[in-house]
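Colleague: Below you'll find query.pdb; it's PDB, C-alpha atoms.
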```
ATOM      1  CA  MET Y 616     103.829 153.508  98.082
ATOM      2  CA  GLY Y 617     101.394 150.777  97.126
ATOM      3  CA  ILE Y 618      97.820 151.182  96.086
ATOM      4  CA  LEU Y 619      95.335 149.931  98.612
ATOM      5  CA  LEU Y 620      92.445 148.022  97.127
ATOM      6  CA  PRO Y 621      89.248 147.130  98.913
ATOM      7  CA  PRO Y 622      89.095 143.435  99.919
ATOM      8  CA  TYR Y 623      86.289 142.624  97.466
ATOM      9  CA  TYR Y 624      88.672 143.366  94.542
ATOM     10  CA  LEU Y 625      91.124 140.780  95.824
ATOM     11  CA  THR Y 626      88.582 138.021  96.449
ATOM     12  CA  PRO Y 627      88.332 136.763  92.810
ATOM     13  CA  PHE Y 628      92.111 136.595  92.498
ATOM     14  CA  LEU Y 629      92.440 134.804  95.799
ATOM     15  CA  LEU Y 630      89.778 132.251  94.819
ATOM     16  CA  LEU Y 631      91.452 131.600  91.453
ATOM     17  CA  PHE Y 632      94.827 131.168  93.174
ATOM     18  CA  ILE Y 633      93.407 128.643  95.665
ATOM     19  CA  PHE Y 634      91.520 126.783  92.931
ATOM     20  CA  PHE Y 635      94.532 126.347  90.638
ATOM     21  CA  ASN Y 636      96.813 125.343  93.500
ATOM     22  CA  ASN Y 637      94.365 122.678  94.681
ATOM     23  CA  VAL Y 638      93.809 121.351  91.140
ATOM     24  CA  ASP Y 639      97.556 120.915  90.651
ATOM     25  CA  GLN Y 640      97.942 119.113  93.972
ATOM     26  CA  ARG Y 641      95.017 116.780  93.300
ATOM     27  CA  ASN Y 642      96.450 115.841  89.921
ATOM     28  CA  LEU Y 643      99.888 115.297  91.396
ATOM     29  CA  VAL Y 644      98.562 112.970  94.082
ATOM     30  CA  PHE Y 645      96.405 111.191  91.522
ATOM     31  CA  ALA Y 646      99.410 110.728  89.239
ATOM     32  CA  ASP Y 647     101.485 109.333  92.101
ATOM     33  CA  ASP Y 648      98.677 106.977  93.085
ATOM     34  CA  ALA Y 649      98.289 105.910  89.469
ATOM     35  CA  LEU Y 650     101.995 105.155  89.173
ATOM     36  CA  ILE Y 651     101.957 103.189  92.423
ATOM     37  CA  GLU Y 652      98.873 101.247  91.305
ATOM     38  CA  THR Y 653     100.433 100.453  87.918
ATOM     39  CA  GLN Y 654     103.751  99.323  89.347
ATOM     40  CA  CYS Y 655     102.126  97.177  92.018
ATOM     41  CA  HIS Y 656      99.620  95.654  89.588
ATOM     42  CA  ASN Y 657     102.512  94.657  87.325
ATOM     43  CA  ALA Y 658     104.190  93.070  90.349
ATOM     44  CA  GLU Y 659     101.209  90.702  90.775
ATOM     45  CA  VAL Y 660     100.876  91.296  94.535
ATOM     46  CA  PRO Y 661      99.137  94.662  94.520
ATOM     47  CA  GLU Y 662      97.794  94.780  98.073
ATOM     48  CA  THR Y 663     101.113  94.012  99.777
ATOM     49  CA  CYS Y 664     102.999  96.244  97.377
ATOM     50  CA  ILE Y 665     100.672  99.244  97.761
ATOM     51  CA  LYS Y 666     100.586  98.928 101.543
ATOM     52  CA  CYS Y 667     104.378  98.935 101.664
ATOM     53  CA  ILE Y 668     104.782 101.912  99.349
ATOM     54  CA  LYS Y 669     102.102 104.052 100.973
ATOM     55  CA  SER Y 670     103.651 103.444 104.396
ATOM     56  CA  ASP Y 671     106.665 105.480 103.270
ATOM     57  CA  PRO Y 672     106.439 109.282 103.017
ATOM     58  CA  ARG Y 673     108.771 109.218  99.988
ATOM     59  CA  SER Y 674     105.972 107.617  97.968
ATOM     60  CA  GLN Y 675     104.313 110.961  97.197
ATOM     61  CA  SER Y 676     107.266 112.033  95.072
ATOM     62  CA  ALA Y 677     108.630 108.645  93.980
ATOM     63  CA  ASP Y 678     109.243 107.662  90.404
ATOM     64  CA  LYS Y 679     109.555 104.013  89.302
ATOM     65  CA  VAL Y 680     113.049 103.666  90.754
ATOM     66  CA  GLY Y 681     111.931 105.364  93.957
ATOM     67  CA  ILE Y 682     109.058 102.898  94.273
ATOM     68  CA  ALA Y 683     111.493  99.993  93.930
ATOM     69  CA  ALA Y 684     113.751 101.579  96.567
ATOM     70  CA  ILE Y 685     110.801 101.895  98.951
ATOM     71  CA  ILE Y 686     109.948  98.216  98.503
ATOM     72  CA  ILE Y 687     113.555  97.264  99.228
ATOM     73  CA  THR Y 688     113.327  99.346 102.412
ATOM     74  CA  CYS Y 689     110.161  97.447 103.389
ATOM     75  CA  LEU Y 690     112.008  94.182 102.706
ATOM     76  CA  SER Y 691     114.903  95.253 104.898
ATOM     77  CA  ASN Y 692     112.512  96.213 107.694
ATOM     78  CA  LYS Y 693     110.749  92.852 107.371
ATOM     79  CA  ALA Y 694     114.157  91.112 107.511
ATOM     80  CA  THR Y 695     114.842  92.913 110.797
ATOM     81  CA  THR Y 696     111.513  91.679 112.164
ATOM     82  CA  LEU Y 697     112.341  88.139 111.067
ATOM     83  CA  ILE Y 698     115.821  88.300 112.638
ATOM     84  CA  ASN Y 699     114.181  89.214 115.937
ATOM     85  CA  ASN Y 700     111.557  86.484 115.532
ATOM     86  CA  MET Y 701     114.191  83.824 114.818
ATOM     87  CA  THR Y 702     116.299  84.948 117.778
ATOM     88  CA  THR Y 703     113.287  84.697 120.085
ATOM     89  CA  LEU Y 704     112.260  81.305 118.716
ATOM     90  CA  ALA Y 705     115.824  79.968 118.963
ATOM     91  CA  SER Y 706     116.158  81.083 122.554
ATOM     92  CA  GLY Y 707     113.009  79.152 123.482
ATOM     93  CA  ALA Y 708     113.799  76.019 121.452
ATOM     94  CA  ARG Y 709     114.679  72.923 123.462
ATOM     95  CA  ASP Y 710     115.770  70.749 120.564
ATOM     96  CA  LYS Y 711     119.392  71.551 119.715
ATOM     97  CA  TYR Y 712     118.902  70.956 115.976
ATOM     98  CA  LEU Y 713     115.920  73.249 115.887
ATOM     99  CA  LYS Y 714     117.850  75.857 117.860
ATOM    100  CA  LEU Y 715     120.696  75.650 115.307
ATOM    101  CA  ALA Y 716     118.275  75.857 112.374
ATOM    102  CA  LEU Y 717     116.536  78.913 113.831
ATOM    103  CA  ARG Y 718     119.869  80.610 114.517
ATOM    104  CA  GLY Y 719     120.788  79.844 110.914
ATOM    105  CA  CYS Y 720     117.577  81.526 109.827
ATOM    106  CA  GLY Y 721     118.485  84.608 111.837
ATOM    107  CA  LYS Y 722     121.898  84.733 110.183
ATOM    108  CA  GLY Y 723     120.280  84.285 106.786
ATOM    109  CA  PHE Y 724     118.042  87.294 107.348
ATOM    110  CA  TYR Y 725     121.029  89.263 108.658
ATOM    111  CA  TYR Y 726     122.899  88.553 105.404
ATOM    112  CA  ALA Y 727     119.732  89.384 103.509
ATOM    113  CA  LYS Y 728     119.742  92.855 105.060
ATOM    114  CA  THR Y 729     123.320  93.333 103.855
ATOM    115  CA  ASN Y 730     122.326  92.241 100.345
ATOM    116  CA  LEU Y 731     119.337  94.577 100.401
ATOM    117  CA  THR Y 732     121.517  97.539 101.403
ATOM    118  CA  VAL Y 733     123.831  96.812  98.480
ATOM    119  CA  ALA Y 734     120.794  96.263  96.217
ATOM    120  CA  THR Y 735     119.571  99.772  97.033
ATOM    121  CA  ASN Y 736     122.961 101.192  96.081
ATOM    122  CA  ARG Y 737     122.968  99.214  92.819
ATOM    123  CA  LEU Y 738     119.447 100.445  92.082
ATOM    124  CA  LYS Y 739     120.526 104.056  92.547
ATOM    125  CA  GLY Y 740     123.474 103.360  90.244
ATOM    126  CA  LYS Y 741     121.097 101.983  87.581
ATOM    127  CA  GLU Y 742     122.643  98.523  87.866
ATOM    128  CA  TYR Y 743     119.301  96.759  87.614
ATOM    129  CA  ASP Y 744     120.533  93.230  86.934
ATOM    130  CA  GLN Y 745     122.734  93.406  90.039
ATOM    131  CA  THR Y 746     119.824  94.822  92.034
ATOM    132  CA  ASN Y 747     117.661  91.835  91.163
ATOM    133  CA  LEU Y 748     120.482  89.357  91.790
ATOM    134  CA  LEU Y 749     120.960  90.746  95.308
ATOM    135  CA  VAL Y 750     117.224  90.708  96.047
ATOM    136  CA  LYS Y 751     117.068  87.116  94.803
ATOM    137  CA  GLN Y 752     119.969  86.172  97.098
ATOM    138  CA  ALA Y 753     118.158  87.851 100.001
ATOM    139  CA  LEU Y 754     115.078  85.764  99.206
ATOM    140  CA  GLU Y 755     117.073  82.524  99.019
ATOM    141  CA  GLY Y 756     117.920  82.819 102.723
ATOM    142  CA  GLU Y 757     114.222  82.818 103.566
ATOM    143  CA  VAL Y 758     113.567  79.808 101.325
ATOM    144  CA  VAL Y 759     116.461  77.849 102.871
ATOM    145  CA  CYS Y 760     115.222  78.778 106.348
ATOM    146  CA  LYS Y 761     111.742  77.379 105.670
ATOM    147  CA  MET Y 762     113.220  74.233 104.167
ATOM    148  CA  ASN Y 763     115.626  73.577 107.071
ATOM    149  CA  VAL Y 764     113.094  74.283 109.786
ATOM    150  CA  GLY Y 765     110.381  72.365 107.937
ATOM    151  CA  ALA Y 766     112.661  69.317 107.731
ATOM    152  CA  LEU Y 767     112.619  69.283 111.534
ATOM    153  CA  ARG Y 768     108.805  69.236 111.485
ATOM    154  CA  PHE Y 769     108.581  72.563 113.253
ATOM    155  CA  ASN Y 770     105.719  74.904 112.394
ATOM    156  CA  PHE Y 771     106.402  78.602 112.703
ATOM    157  CA  PRO Y 772     103.888  80.675 114.656
ATOM    158  CA  ASN Y 773     101.239  82.236 112.398
ATOM    159  CA  SER Y 774     102.700  85.726 112.774
ATOM    160  CA  VAL Y 775     106.122  84.523 111.592
ATOM    161  CA  THR Y 776     104.573  82.596 108.707
ATOM    162  CA  PHE Y 777     102.681  85.755 107.729
ATOM    163  CA  ASP Y 778     105.848  87.901 107.882
ATOM    164  CA  MET Y 779     107.725  85.379 105.767
ATOM    165  CA  GLY Y 780     104.916  85.420 103.209
ATOM    166  CA  VAL Y 781     105.028  89.210 103.022
ATOM    167  CA  TYR Y 782     108.817  89.003 102.638
ATOM    168  CA  GLU Y 783     108.397  86.641  99.665
ATOM    169  CA  GLU Y 784     105.713  88.817  98.074
ATOM    170  CA  LEU Y 785     107.766  91.996  98.405
ATOM    171  CA  SER Y 786     110.831  90.240  97.003
ATOM    172  CA  THR Y 787     108.857  89.099  93.984
ATOM    173  CA  ALA Y 788     107.285  92.544  93.589
ATOM    174  CA  VAL Y 789     110.556  94.450  93.533
ATOM    175  CA  MET Y 790     112.180  91.975  91.147
ATOM    176  CA  ARG Y 791     109.241  92.267  88.719
ATOM    177  CA  ILE Y 792     109.277  96.054  88.921
ATOM    178  CA  VAL Y 793     113.045  96.263  88.373
ATOM    179  CA  ASP Y 794     112.795  93.780  85.473
ATOM    180  CA  ARG Y 795     110.785  96.413  83.615
ATOM    181  CA  PHE Y 796     113.672  98.909  83.858
ATOM    182  CA  VAL Y 797     116.004  96.793  81.762
TER     183      VAL Y 797
END
```
If you took the structure in this file and wrote it as structure tokens, what would it be?
Modeller:
Amino acid sequence: MGILLPPYYLTPFLLLFIFFNNVDQRNLVFADDALIETQCHNAEVPETCIKCIKSDPRSQSADKVGIAAIIITCLSNKATTLINNMTTLASGARDKYLKLALRGCGKGFYYAKTNLTVATNRLKGKEYDQTNLLVKQALEGEVVCKMNVGALRFNFPNSVTFDMGVYEELSTAVMRIVDRFV
């Protein structure tokens, strides 16, 4: 049988246990935050980068590669938003050339999502040059979209312009981060 001790004997041990567990957790979170801050600062768009990474629960245990994977996920999600935006804009467009250009934009973001899925797989396989090539190709669709639609003198709504800007920033961020792996 066990020895029963009065509760006041256990109190110091319990306090030490709680203290050391909390210290370890604070340091772990601080280290994760420090890594996120460093990676995003190196990417030159820290606010967008940090917001993206911290929106994902995987960020608390992510290493450098995990951070890049999270940003690619944010890019893919933003591509989905932009596909929906382009579909909506195309359905309301009266000019047939604008309608075609906006549909082309939607297809470009659809292909971008495919490239981003493959980029994630290449990242996990430590094929960093291929990862960046695929992210760059995903970004090219957005650039071509802006050029084609701009040639028709159409201005995107502010929300779409904002989403496209975030898409560009995240693309640049992940490419800069992955460049440091090579």
Colleague: For this file, the PyMOL selection byres ((chain Y and resi 739) around 12) selects which residues, as an mmCIF file with C-alpha atoms, keeping the file's coordinate frame?
Modeller:
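Result went into result23.cif, see below:
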```cif
data_model
loop_
_atom_site.group_PDB
_atom_site.id
_atom_site.type_symbol
_atom_site.label_atom_id
_atom_site.label_comp_id
_atom_site.auth_asym_id
_atom_site.auth_seq_id
_atom_site.Cartn_x
_atom_site.Cartn_y
_atom_site.Cartn_z
ATOM 1 C CA LYS Y 679 109.555 104.013 89.302
ATOM 2 C CA VAL Y 680 113.049 103.666 90.754
ATOM 3 C CA GLY Y 681 111.931 105.364 93.957
ATOM 4 C CA ILE Y 682 109.058 102.898 94.273
ATOM 5 C CA ALA Y 683 111.493 99.993 93.930
ATOM 6 C CA ALA Y 684 113.751 101.579 96.567
ATOM 7 C CA ILE Y 685 110.801 101.895 98.951
ATOM 8 C CA ILE Y 687 113.555 97.264 99.228
ATOM 9 C CA THR Y 732 121.517 97.539 101.403
ATOM 10 C CA VAL Y 733 123.831 96.812 98.480
ATOM 11 C CA ALA Y 734 120.794 96.263 96.217
ATOM 12 C CA THR Y 735 119.571 99.772 97.033
ATOM 13 C CA ASN Y 736 122.961 101.192 96.081
ATOM 14 C CA ARG Y 737 122.968 99.214 92.819
ATOM 15 C CA LEU Y 738 119.447 100.445 92.082
ATOM 16 C CA GLY Y 740 123.474 103.360 90.244
ATOM 17 C CA LYS Y 741 121.097 101.983 87.581
ATOM 18 C CA GLU Y 742 122.643 98.523 87.866
ATOM 19 C CA TYR Y 743 119.301 96.759 87.614
ATOM 20 C CA GLN Y 745 122.734 93.406 90.039
ATOM 21 C CA THR Y 746 119.824 94.822 92.034
ATOM 22 C CA VAL Y 793 113.045 96.263 88.373
#
```
Colleague: In Å, rounded to a single decimal, give me how far CA of Cys689 (chain Y) is from CA of Cys667 (chain Y).
Modeller: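 The value is 6.2 Å.
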Colleague: Work out how far CA of Val750 (chain Y) is from CA of Arg768 (chain Y), in Å to one decimal.
Modeller: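 Going from CA of Arg768 (chain Y) over to CA of Val750 (chain Y) covers 27.8 Å.
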Colleague: Excluding Lys666 (chain Y) and residues on its chain fewer than 5 positions from it, collect all residues at most 10 Å away from it, counting all atoms listed in the file, and give them as a list in words.
Modeller: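 Selected residues are Cys655, Pro661, Asp671, Ile686 and Cys689 of chain Y.
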Colleague: In Å, with one decimal, what is the gap from CA of Ser706 (chain Y) to CA of Gln752 (chain Y)?
Modeller: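 Value for the CA of Ser706 (chain Y)-CA of Gln752 (chain Y) distance: 26.2 Å.
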Colleague: Check which residues satisfy the PyMOL selection byres ((chain Y and resi 727) around 9) in the file shown, then give them as a PyMOL selection string.
Modeller: chain Y and resi 691+694+722-726+728-732+749-750+752-757
Colleague: Considering all atoms listed in the file, can you say which of Y:Arg709, Y:Ile792, Y:Gly721, Y:Asn700 comes closest to Thr776 (chain Y)?
Modeller: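 Smallest separation from Thr776 (chain Y) among the options: Y:Asn700.
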Colleague: Using only C-alpha atoms, which residue out of Y:Glu662, Y:Gln675, Y:Leu704, Y:Lys693 lies closest to Ala649 (chain Y)?
Modeller: Y:Gln675
Colleague: For a quick check of understanding, using all atoms listed in the file, which of Y:Lys711, Y:Thr663, Y:Lys761, Y:Gly719 has the smallest distance to Leu690 (chain Y)?
Modeller: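 The shortest atom-to-atom distance to Leu690 (chain Y) comes from Y:Thr663.
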Colleague: Check the smallest atom-to-atom distance from each of Y:Tyr712, Y:Phe796, Y:Phe777, Y:Phe769 to Leu697 (chain Y) using all atoms listed in the file, then report the winner.
Modeller: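 Among Y:Tyr712, Y:Phe796, Y:Phe777, Y:Phe769, it is Y:Phe777 that comes nearest to Leu697 (chain Y).
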Colleague: Ranking Y:Asn699, Y:Asn692, Y:Asn747, Y:Gln654 by minimum distance to Ala677 (chain Y) and counting only C-alpha atoms, which one comes first?
Modeller: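 Result for the nearest residue to Ala677 (chain Y): Y:Gln654.
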Colleague: Applied to this file, what does the PyMOL selection byres ((chain Y and resi 784) around 9) return in terms of residues, put as a list in words?
Modeller: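 Written out, the selection comes to Ala658, Glu659, Val660, Thr663, Cys664, Met779, Gly780, Val781, Tyr782, Glu783, Leu785, Ser786, Thr787, Ala788 and Val789 of chain Y.
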Colleague: Counting all atoms listed in the file, which residue out of Y:Lys714, Y:Thr702, Y:Thr695, Y:Arg795 sits closest to Asp778 (chain Y)?
Modeller: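 For Asp778 (chain Y), the nearest of the given residues is Y:Thr695.
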